[in-house]
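Shown next: final_32.txt, containing compact mmCIF, C-alpha atoms and all ligand atoms.
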```
# COMPACT_ATOMS: atom_id res chain seq x y z
CA MET U 1 20.14 -46.20 12.29
CA TRP U 2 17.77 -45.79 15.28
CA LYS U 3 20.69 -46.04 17.72
CA THR U 4 22.53 -43.25 15.92
CA SER U 5 19.57 -40.86 15.86
CA ALA U 6 18.70 -41.63 19.50
CA ALA U 7 22.31 -40.94 20.50
CA THR U 8 22.37 -37.75 18.44
CA ARG U 9 19.16 -36.60 20.10
CA LYS U 10 20.54 -37.43 23.54
CA ASN U 11 23.69 -35.43 22.82
CA ALA U 12 21.66 -32.49 21.52
CA ASP U 13 19.46 -32.58 24.66
CA LEU U 14 22.55 -32.70 26.86
CA ARG U 15 24.13 -29.77 25.02
CA ALA U 16 20.88 -27.80 25.30
CA ARG U 17 20.65 -28.59 29.04
CA ILE U 18 24.25 -27.52 29.66
CA GLY U 19 23.76 -24.40 27.54
CA ARG U 20 20.67 -23.44 29.47
CA ALA U 21 22.27 -24.19 32.83
CA LEU U 22 25.14 -21.84 31.90
CA ILE U 23 22.77 -19.12 30.70
CA ASN U 24 20.64 -19.54 33.85
CA ALA U 25 23.74 -19.25 36.03
CA VAL U 26 24.60 -15.88 34.47
CA PHE U 27 21.09 -14.61 33.63
CA PRO U 28 18.63 -16.49 35.83
CA GLU U 29 15.11 -16.64 34.43
CA ILE U 30 12.67 -14.50 36.38
CA CYS U 31 8.89 -14.89 36.51
CA HIS U 32 7.30 -11.81 34.90
CA GLY U 33 4.34 -12.11 37.28
CA CYS U 34 5.91 -12.26 40.75
CA GLY U 35 9.61 -11.59 40.09
CA ARG U 36 10.80 -14.84 41.70
CA PHE U 37 13.31 -17.16 40.04
CA MET U 38 11.71 -19.64 37.66
CA PRO U 39 12.02 -23.32 38.61
CA GLU U 40 13.99 -25.51 36.24
CA ARG U 41 11.76 -26.91 33.53
CA PRO U 42 12.28 -29.94 31.32
CA ILE U 43 13.59 -29.03 27.87
CA GLN U 44 10.91 -29.36 25.24
CA THR U 45 11.89 -30.34 21.75
CA GLY U 46 9.93 -30.76 18.52
CA SER U 47 7.57 -28.47 16.67
CA GLY U 48 4.24 -29.63 18.03
CA ARG U 49 4.24 -27.51 21.19
CA ASP U 50 1.93 -24.76 19.99
CA PRO U 51 -1.46 -25.48 21.53
CA THR U 52 -4.44 -25.56 19.23
CA VAL U 53 -7.03 -22.82 19.13
CA GLN U 54 -9.72 -25.29 20.22
CA ALA U 55 -7.95 -26.02 23.52
CA ASP U 56 -9.63 -24.90 26.74
CA LYS U 57 -8.97 -21.15 27.08
CA ARG U 58 -7.37 -21.34 30.53
CA ASP U 59 -5.23 -24.32 29.53
CA PHE U 60 -4.24 -22.51 26.36
CA ALA U 61 -3.18 -19.37 28.24
CA ARG U 62 -1.15 -21.46 30.71
CA ARG U 63 0.68 -23.25 27.93
CA VAL U 64 1.47 -20.06 26.02
CA LEU U 65 2.65 -18.22 29.15
CA GLU U 66 4.55 -21.16 30.66
CA PRO U 67 7.96 -19.83 29.53
CA VAL U 68 7.40 -16.44 31.20
CA LEU U 69 5.34 -17.14 34.34
CA CYS U 70 6.11 -19.48 37.26
CA PRO U 71 3.72 -22.34 38.16
CA ASP U 72 2.17 -20.33 41.02
CA CYS U 73 1.33 -17.38 38.76
CA LEU U 74 0.09 -19.71 36.03
CA ALA U 75 -2.20 -21.54 38.46
CA ASP U 76 -4.13 -18.32 39.14
CA ILE U 77 -3.99 -16.78 35.68
CA PRO U 78 -7.21 -14.75 35.33
CA ILE U 79 -8.81 -15.29 31.93
CA VAL U 80 -11.93 -13.65 30.50
CA ASP U 81 -14.65 -16.26 30.11
CA SER U 82 -18.44 -16.36 29.84
CA PRO U 83 -20.70 -14.87 30.97
CA ILE U 84 -19.52 -11.71 29.25
CA CYS U 85 -21.18 -8.66 27.69
CA PRO U 86 -21.52 -9.52 23.96
CA CYS U 87 -20.77 -5.89 23.05
CA CYS U 88 -17.79 -4.76 25.16
CA GLY U 89 -16.64 -8.26 26.26
CA ARG U 90 -16.58 -7.34 29.96
CA PRO U 91 -16.83 -10.36 32.29
CA LEU U 92 -20.13 -10.03 34.15
CA LYS U 93 -20.16 -9.98 37.93
CA SER U 94 -23.12 -12.32 38.12
CA ARG U 95 -21.86 -15.72 37.04
CA GLN U 96 -25.40 -17.18 37.11
CA ASP U 97 -26.85 -16.19 33.72
CA GLY U 98 -25.43 -16.45 30.22
CA ASP U 99 -23.91 -13.62 28.16
CA HIS U 100 -25.98 -10.43 28.25
CA MET U 101 -25.45 -6.70 27.68
CA CYS U 102 -23.80 -4.92 30.59
CA GLY U 103 -25.27 -1.77 32.14
CA ARG U 104 -22.70 0.50 30.49
CA CYS U 105 -23.39 -0.78 26.99
CA ILE U 106 -27.14 -0.35 27.57
CA THR U 107 -26.88 3.23 28.84
CA GLU U 108 -23.92 4.52 26.78
CA LYS U 109 -23.52 4.19 23.06
CA ARG U 110 -20.32 2.37 22.15
CA SER U 111 -18.50 3.47 19.02
CA PHE U 112 -17.12 -0.02 18.30
CA SER U 113 -19.29 -2.98 17.42
CA LYS U 114 -17.61 -5.74 19.41
CA ALA U 115 -14.69 -6.00 21.84
CA ARG U 116 -13.03 -9.07 23.27
CA SER U 117 -10.11 -9.58 25.67
CA ALA U 118 -7.95 -12.58 26.50
CA LEU U 119 -7.11 -11.93 30.17
CA VAL U 120 -8.49 -10.09 33.16
CA TYR U 121 -6.23 -7.19 34.17
CA ASP U 122 -5.58 -8.53 37.63
CA GLY U 123 -3.10 -10.67 39.59
CA ALA U 124 0.01 -11.75 37.67
CA VAL U 125 -1.37 -10.16 34.48
CA LEU U 126 -0.85 -6.66 35.97
CA ALA U 127 2.86 -7.29 36.50
CA LEU U 128 3.23 -9.15 33.21
CA ILE U 129 1.85 -6.24 31.18
CA HIS U 130 3.76 -3.69 33.28
CA SER U 131 6.98 -5.59 32.58
CA TYR U 132 6.21 -5.69 28.85
CA LYS U 133 5.12 -2.09 28.56
CA TYR U 134 7.40 -0.17 30.91
CA ASN U 135 10.49 -2.37 31.37
CA SER U 136 11.25 -2.95 27.68
CA ARG U 137 10.60 -6.71 27.92
CA THR U 138 9.82 -6.89 24.21
CA CYS U 139 10.53 -10.64 24.26
CA LEU U 140 6.99 -10.92 25.70
CA ALA U 141 5.45 -9.55 22.47
CA LYS U 142 5.29 -12.95 20.79
CA PRO U 143 3.57 -15.00 23.55
CA LEU U 144 1.21 -12.11 24.32
CA GLY U 145 0.52 -11.70 20.60
CA ARG U 146 -0.25 -15.43 20.46
CA LEU U 147 -2.96 -14.95 23.10
CA LEU U 148 -4.40 -12.06 21.08
CA TYR U 149 -4.35 -14.14 17.91
CA GLU U 150 -6.17 -16.98 19.66
CA GLU U 151 -8.81 -14.51 20.88
CA PHE U 152 -9.19 -13.31 17.30
CA ILE U 153 -9.71 -16.82 15.90
CA ARG U 154 -12.06 -17.70 18.76
CA HIS U 155 -14.40 -14.73 18.33
CA PHE U 156 -14.01 -13.43 14.79
CA ASP U 157 -14.22 -14.74 11.27
CA PRO U 158 -10.96 -13.71 9.52
CA GLU U 159 -13.01 -13.27 6.33
CA GLU U 160 -14.95 -10.48 8.00
CA ILE U 161 -11.91 -8.36 8.87
CA ASP U 162 -9.94 -6.43 6.23
CA ALA U 163 -7.24 -4.80 8.33
CA VAL U 164 -5.82 -4.94 11.82
CA MET U 165 -4.25 -1.88 13.44
CA ALA U 166 -2.80 -0.99 16.82
CA VAL U 167 -3.91 1.93 18.98
CA PRO U 168 -1.13 4.43 18.19
CA LEU U 169 1.18 6.18 20.65
CA HIS U 170 1.95 9.87 20.42
CA ALA U 171 5.32 10.51 18.74
CA ARG U 172 6.76 11.78 22.04
CA ARG U 173 5.76 8.64 23.96
CA MET U 174 6.99 6.49 21.09
CA ARG U 175 10.40 8.14 21.39
CA GLN U 176 10.45 7.58 25.18
CA ARG U 177 9.37 3.92 25.03
CA GLY U 178 10.97 3.00 21.75
CA TYR U 179 8.14 0.71 20.66
CA ASN U 180 4.38 0.54 20.43
CA GLN U 181 3.44 -2.38 22.68
CA ALA U 182 0.15 -3.02 20.81
CA LEU U 183 1.79 -2.99 17.40
CA LEU U 184 4.57 -5.40 18.43
CA MET U 185 1.97 -7.95 19.51
CA ILE U 186 0.40 -8.16 16.03
CA ARG U 187 3.69 -8.21 14.15
CA HIS U 188 3.84 -12.01 14.30
CA TRP U 189 0.22 -12.61 13.28
CA PRO U 190 0.93 -13.50 9.63
CA GLU U 191 3.59 -15.97 10.83
CA MET U 192 1.11 -17.46 13.32
CA ALA U 193 -1.57 -17.68 10.63
CA ALA U 194 0.91 -19.60 8.45
CA GLU U 195 1.93 -21.96 11.28
CA LEU U 196 -1.70 -22.75 12.10
CA GLY U 197 -2.68 -23.26 8.48
CA HIS U 198 -4.95 -20.18 8.34
CA LEU U 199 -2.99 -18.47 5.60
CA GLN U 200 -5.06 -19.88 2.76
CA ASN U 201 -7.78 -17.25 3.20
CA TRP U 202 -5.58 -14.67 4.93
CA LYS U 203 -6.21 -11.27 3.34
CA ILE U 204 -5.83 -9.18 6.48
CA ILE U 205 -3.49 -6.22 6.23
CA CYS U 206 -1.52 -5.12 9.31
CA HIS U 207 -1.47 -1.34 8.96
CA ASP U 208 0.38 0.94 11.38
CA ARG U 209 0.05 4.36 9.77
CA ALA U 210 -3.67 4.82 9.11
CA LEU U 211 -4.44 6.09 12.61
CA CYS U 212 -2.34 8.61 14.53
CA ARG U 213 -2.35 10.18 17.96
CA LYS U 214 -2.23 13.92 17.48
CA ALA U 215 -2.50 14.91 21.16
CA HIS U 216 0.06 14.04 23.82
CA THR U 217 -2.37 13.23 26.64
CA ARG U 218 -1.50 12.43 30.24
CA PRO U 219 -1.66 8.68 31.04
CA GLN U 220 -5.20 7.43 31.75
CA THR U 221 -4.02 5.55 34.86
CA GLY U 222 -5.47 7.01 38.03
CA LEU U 223 -8.24 8.96 36.25
CA ASP U 224 -11.91 8.18 36.85
CA ARG U 225 -14.30 7.30 34.07
CA LYS U 226 -15.38 10.87 33.31
CA ALA U 227 -11.83 12.24 33.42
CA ARG U 228 -10.58 9.46 31.12
CA LYS U 229 -13.18 10.37 28.55
CA LYS U 230 -12.29 14.07 28.71
CA ASN U 231 -8.53 13.41 28.70
CA ILE U 232 -8.63 11.35 25.50
CA GLN U 233 -11.28 13.36 23.62
CA GLY U 234 -10.14 14.29 20.11
CA ALA U 235 -6.70 12.70 20.65
CA PHE U 236 -6.79 10.59 17.46
CA ASP U 237 -6.85 11.39 13.82
CA VAL U 238 -6.83 9.36 10.65
CA SER U 239 -3.78 10.01 8.53
CA GLU U 240 -4.87 7.76 5.66
CA PRO U 241 -8.64 8.14 5.25
CA GLY U 242 -8.44 6.45 1.86
CA PHE U 243 -7.19 3.28 3.53
CA CYS U 244 -9.98 3.22 6.14
CA LYS U 245 -12.87 3.93 3.77
CA GLY U 246 -15.12 0.90 3.39
CA ARG U 247 -12.80 -1.40 5.33
CA ARG U 248 -13.74 -3.56 8.30
CA LEU U 249 -11.09 -2.78 10.89
CA LEU U 250 -9.85 -4.57 13.97
CA LEU U 251 -8.21 -2.39 16.63
CA ILE U 252 -5.63 -3.84 19.02
CA ASP U 253 -4.59 -2.51 22.42
CA ASP U 254 -2.92 -3.91 25.52
CA VAL U 255 -5.52 -3.05 28.16
CA MET U 256 -9.13 -1.88 28.01
CA THR U 257 -10.34 -0.14 31.16
CA THR U 258 -13.42 2.02 30.59
CA GLY U 259 -13.11 1.78 26.80
CA ALA U 260 -12.66 5.59 26.42
CA THR U 261 -9.46 5.28 24.33
CA ILE U 262 -10.93 2.61 22.07
CA ASP U 263 -14.12 4.65 21.66
CA GLU U 264 -12.15 7.71 20.52
CA CYS U 265 -10.16 5.64 18.00
CA ALA U 266 -13.34 4.03 16.66
CA LYS U 267 -15.02 7.44 16.26
CA ALA U 268 -12.07 8.73 14.20
CA LEU U 269 -12.09 5.59 12.04
CA TYR U 270 -15.83 5.79 11.40
CA ARG U 271 -15.48 9.48 10.50
CA ALA U 272 -12.98 8.36 7.86
CA GLY U 273 -15.56 5.96 6.42
CA ALA U 274 -14.66 2.63 8.07
CA ALA U 275 -17.27 -0.04 7.41
CA GLY U 276 -16.79 -1.56 10.86
CA VAL U 277 -14.57 -1.29 13.93
CA SER U 278 -14.05 -4.22 16.30
CA VAL U 279 -11.57 -4.52 19.12
CA ILE U 280 -9.31 -7.07 20.81
CA THR U 281 -7.25 -6.20 23.85
CA LEU U 282 -4.86 -8.41 25.71
CA ALA U 283 -6.44 -7.64 29.06
CA ARG U 284 -9.64 -6.22 30.44
CA ALA U 285 -9.97 -4.28 33.68
CA LEU U 286 -13.01 -5.24 35.75
ZN ZN Q 301 5.40 -15.98 39.43
ZN ZN Q 302 -20.72 -4.06 27.79
```

Mind turning the file's structure into structure tokens?
Amino acid sequence: MWKTSAATRKNADLRARIGRALINAVFPEICHGCGRFMPERPIQTGSGRDPTVQADKRDFARRVLEPVLCPDCLADIPIVDSPICPCCGRPLKSRQDGDHMCGRCITEKRSFSKARSALVYDGAVLALIHSYKYNSRTCLAKPLGRLLYEEFIRHFDPEEIDAVMAVPLHARRMRQRGYNQALLMIRHWPEMAAELGHLQNWKIICHDRALCRKAHTRPQTGLDRKARKKNIQGAFDVSEPGFCKGRRLLLIDDVMTTGATIDECAKALYRAGAAGVSVITLARAL
């Protein structure tokens, strides 16, 4: 009996190796960080490959991104870790003290209550997000969404969030890109919650129509802090105020730079009666 199953497994591994060799010959795998060819990796089988939420954050990120980044890019993957600002989640320049409020959160009022990010928007993460957002690499949505989900479980109590929503794109940009990169990343959350055994108390609604972008603004890239704020002012509106009223909402976006976009979304949601607005972004600019 053992011999048969071992032989079957060996044959399946061989078939998988040949299949992948053929696919690699025609469509070689490319690292989404540096663009170089990926080295050949051993085939992993079994269902226990998903790292646990309790794993070290850097180790976790490396394991999740292993299929899409080469070993060199993985070695330097910049993650957000303490000390951070407990309000906006920004990694603090001084690595000496513990978590404390950053200068911006002390001097400027934030519209959201708490923001957290998985990665620092630097190094291979820049190219990875660029590839996902502008080169239609939607296959990245699941691993990137897994990092977001881990950040959620690490910093939030699922019982304290009623609904999760993505920062919306304007209809014109949605037509150009064909997908909302933030929304795609949360699409697999219920599936992930089920896989990790979190579904028992899972009451979180993924809602993609409550918030809308009424103004087609120019991209924030290249604008300074003041210009970003002005550019995005009044760009969002709530299309379903009844949904937002009294709910504790979690906003998702790909990158947080100055926080101007998130602030505008949070203001609109609070105007519609939200009971709370928290934020998770995949990456955080320093
Ligand atoms: Zn690479
Ligand atoms: Zn802060």

Q: Within 6 Å of region 227-235 of chain U, counting all atoms listed in the file, which residues show up once you throw out same-chain ones fewer than 4 positions away? Write them as a list in words, please.
A: Arg213, Lys214, Ala215, Gln220, Leu223 and Ala260 of chain U

(Q) Under the rule that only C-alpha atoms are counted, which of U:Ala210, U:Met185, U:Met174, U:Leu144 is the nearest residue to Val64 (chain U)? (A) U:Leu144

Q) Got a sec: who's within 6 Å of Leu211 (chain U), counting all atoms listed in the file, leaving out chain neighbours fewer than 6 positions off, as a ChimeraX atom specification? A) /U:237-239

Q. So which one's closest to ligand ZN 301 (chain Q), U:Arg137, U:Arg58, U:Arg175, U:Arg36? Using all atoms listed in the file, please.
A.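 Going through U:Arg137, U:Arg58, U:Arg175, U:Arg36 one by one, the smallest distance to ligand ZN 301 (chain Q) is for U:Arg36.
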
Q. What do you get as a PyMOL selection string if you pick all residues at most 10 Å from ligand ZN 301 (chain Q), counting all atoms listed in the file?
A. chain U and resi 30-39+68-76+124+127-128

Would you put the residues from that selection into a file with C-alpha atoms, as a PDB file, in the frame of the given file?
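As written to disk, part-v4.pdb reads:
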```pdb
ATOM      1  CA  ILE U  30      12.670 -14.500  36.380  1.00  0.00           C
ATOM      2  CA  CYS U  31       8.890 -14.890  36.510  1.00  0.00           C
ATOM      3  CA  HIS U  32       7.300 -11.810  34.900  1.00  0.00           C
ATOM      4  CA  GLY U  33       4.340 -12.110  37.280  1.00  0.00           C
ATOM      5  CA  CYS U  34       5.910 -12.260  40.750  1.00  0.00           C
ATOM      6  CA  GLY U  35       9.610 -11.590  40.090  1.00  0.00           C
ATOM      7  CA  ARG U  36      10.800 -14.840  41.700  1.00  0.00           C
ATOM      8  CA  PHE U  37      13.310 -17.160  40.040  1.00  0.00           C
ATOM      9  CA  MET U  38      11.710 -19.640  37.660  1.00  0.00           C
ATOM     10  CA  PRO U  39      12.020 -23.320  38.610  1.00  0.00           C
ATOM     11  CA  VAL U  68       7.400 -16.440  31.200  1.00  0.00           C
ATOM     12  CA  LEU U  69       5.340 -17.140  34.340  1.00  0.00           C
ATOM     13  CA  CYS U  70       6.110 -19.480  37.260  1.00  0.00           C
ATOM     14  CA  PRO U  71       3.720 -22.340  38.160  1.00  0.00           C
ATOM     15  CA  ASP U  72       2.170 -20.330  41.020  1.00  0.00           C
ATOM     16  CA  CYS U  73       1.330 -17.380  38.760  1.00  0.00           C
ATOM     17  CA  LEU U  74       0.090 -19.710  36.030  1.00  0.00           C
ATOM     18  CA  ALA U  75      -2.200 -21.540  38.460  1.00  0.00           C
ATOM     19  CA  ASP U  76      -4.130 -18.320  39.140  1.00  0.00           C
ATOM     20  CA  ALA U 124       0.010 -11.750  37.670  1.00  0.00           C
ATOM     21  CA  ALA U 127       2.860  -7.290  36.500  1.00  0.00           C
ATOM     22  CA  LEU U 128       3.230  -9.150  33.210  1.00  0.00           C
TER      23      LEU U 128
END
```

Q | Residue with smallest distance to ligand ZN 302 (chain Q) - pool U:Ile84, U:Val255, U:Cys105, U:Ile77, counting all atoms listed in the file | A |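 Nearest candidate to ligand ZN 302 (chain Q) out of U:Ile84, U:Val255, U:Cys105, U:Ile77: U:Cys105.
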
Can you check which parts of chain U lie within 9 Å of ligand ZN 302 (chain Q)? Per residue, the shortest pair of atoms and distance in Å to one decimal, counting all atoms listed in the file, sorted by chain and number, as JSON lines.
```
{"residue": "U:Ile84", "atom": "CA", "partner": "Q:ZN302", "partner_atom": "ZN", "distance": 7.9}
{"residue": "U:Cys85", "atom": "CA", "partner": "Q:ZN302", "partner_atom": "ZN", "distance": 4.6}
{"residue": "U:Pro86", "atom": "CA", "partner": "Q:ZN302", "partner_atom": "ZN", "distance": 6.7}
{"residue": "U:Cys87", "atom": "CA", "partner": "Q:ZN302", "partner_atom": "ZN", "distance": 5.1}
{"residue": "U:Cys88", "atom": "CA", "partner": "Q:ZN302", "partner_atom": "ZN", "distance": 4.0}
{"residue": "U:Gly89", "atom": "CA", "partner": "Q:ZN302", "partner_atom": "ZN", "distance": 6.1}
{"residue": "U:Arg90", "atom": "CA", "partner": "Q:ZN302", "partner_atom": "ZN", "distance": 5.7}
{"residue": "U:Pro91", "atom": "CA", "partner": "Q:ZN302", "partner_atom": "ZN", "distance": 8.7}
{"residue": "U:Leu92", "atom": "CA", "partner": "Q:ZN302", "partner_atom": "ZN", "distance": 8.7}
{"residue": "U:His100", "atom": "CA", "partner": "Q:ZN302", "partner_atom": "ZN", "distance": 8.3}
{"residue": "U:Met101", "atom": "CA", "partner": "Q:ZN302", "partner_atom": "ZN", "distance": 5.4}
{"residue": "U:Cys102", "atom": "CA", "partner": "Q:ZN302", "partner_atom": "ZN", "distance": 4.3}
{"residue": "U:Gly103", "atom": "CA", "partner": "Q:ZN302", "partner_atom": "ZN", "distance": 6.7}
{"residue": "U:Arg104", "atom": "CA", "partner": "Q:ZN302", "partner_atom": "ZN", "distance": 5.7}
{"residue": "U:Cys105", "atom": "CA", "partner": "Q:ZN302", "partner_atom": "ZN", "distance": 4.3}
{"residue": "U:Ile106", "atom": "CA", "partner": "Q:ZN302", "partner_atom": "ZN", "distance": 7.4}
{"residue": "U:Arg110", "atom": "CA", "partner": "Q:ZN302", "partner_atom": "ZN", "distance": 8.6}
{"residue": "U:Ala115", "atom": "CA", "partner": "Q:ZN302", "partner_atom": "ZN", "distance": 8.7}
```

Keeping only C-alpha atoms, write the selected residues as an mmCIF file, in the coordinates of the input.
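Below you can see selection-v3.cif, which holds the result:
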```cif
data_model
loop_
_atom_site.group_PDB
_atom_site.id
_atom_site.type_symbol
_atom_site.label_atom_id
_atom_site.label_comp_id
_atom_site.auth_asym_id
_atom_site.auth_seq_id
_atom_site.Cartn_x
_atom_site.Cartn_y
_atom_site.Cartn_z
ATOM 1 C CA ILE U 84 -19.520 -11.710 29.250
ATOM 2 C CA CYS U 85 -21.180 -8.660 27.690
ATOM 3 C CA PRO U 86 -21.520 -9.520 23.960
ATOM 4 C CA CYS U 87 -20.770 -5.890 23.050
ATOM 5 C CA CYS U 88 -17.790 -4.760 25.160
ATOM 6 C CA GLY U 89 -16.640 -8.260 26.260
ATOM 7 C CA ARG U 90 -16.580 -7.340 29.960
ATOM 8 C CA PRO U 91 -16.830 -10.360 32.290
ATOM 9 C CA LEU U 92 -20.130 -10.030 34.150
ATOM 10 C CA HIS U 100 -25.980 -10.430 28.250
ATOM 11 C CA MET U 101 -25.450 -6.700 27.680
ATOM 12 C CA CYS U 102 -23.800 -4.920 30.590
ATOM 13 C CA GLY U 103 -25.270 -1.770 32.140
ATOM 14 C CA ARG U 104 -22.700 0.500 30.490
ATOM 15 C CA CYS U 105 -23.390 -0.780 26.990
ATOM 16 C CA ILE U 106 -27.140 -0.350 27.570
ATOM 17 C CA ARG U 110 -20.320 2.370 22.150
ATOM 18 C CA ALA U 115 -14.690 -6.000 21.840
#
```

Q) Expressed in Å to a single decimal, how great is the separation between CA of Pro143 (chain U) and CA of Leu65 (chain U)? A) 6.5 Å

**Q.** Straight-line distance linking CA of Val120 (chain U) with CA of Thr281 (chain U), stated in Å to one decimal
**A.**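 We find that CA of Val120 (chain U) and CA of Thr281 (chain U) lie 10.2 Å from each other.
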
What are the centre and edge lengths in Å, to one decimal, of the axis-aligned box around all listed atoms of region 138-146 of chain U with 3 Å added on each side, as AutoDock Vina command-line options?
```
--center_x 5.1 --center_y -11.2 --center_z 23.1 --size_x 16.8 --size_y 14.5 --size_z 11.2
```

Q | Shortest interatomic distance to Phe156 (chain U) - which of U:Leu251, U:Leu269, U:Ala274, U:Arg116, counting all atoms listed in the file | A |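 Looking at the shortest contact to Phe156 (chain U), the residue is U:Arg116.
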
**Q.** CA of Cys244 (chain U) to CA of Val164 (chain U), distance in Å rounded to a single decimal
**A.** 10.8 Å

Q. From the list U:Cys212, U:Leu14, U:Ile129, U:Val80, which residue is nearest Ala171 (chain U) when using all atoms listed in the file?
A.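 Using all atoms listed in the file, Ala171 (chain U) sits closest to U:Cys212.
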
Q.
Here is a test: counting only C-alpha atoms, which residue of U:Tyr149, U:Ala272, U:Asp157, U:Arg225 is nearest to Pro190 (chain U)?
A.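 Under the stated criterion, the closest residue is U:Tyr149.
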
Quick one: everything within 9 Å of Lys267 (chain U), counting only C-alpha atoms, minus sequence neighbours fewer than 6 positions away in the same chain. Send it as an mmCIF file with C-alpha atoms, in the coordinates of the input.
```cif
data_model
loop_
_atom_site.group_PDB
_atom_site.id
_atom_site.type_symbol
_atom_site.label_atom_id
_atom_site.label_comp_id
_atom_site.auth_asym_id
_atom_site.auth_seq_id
_atom_site.Cartn_x
_atom_site.Cartn_y
_atom_site.Cartn_z
ATOM 1 C CA SER U 111 -18.500 3.470 19.020
ATOM 2 C CA PHE U 112 -17.120 -0.020 18.300
ATOM 3 C CA PHE U 236 -6.790 10.590 17.460
#
```
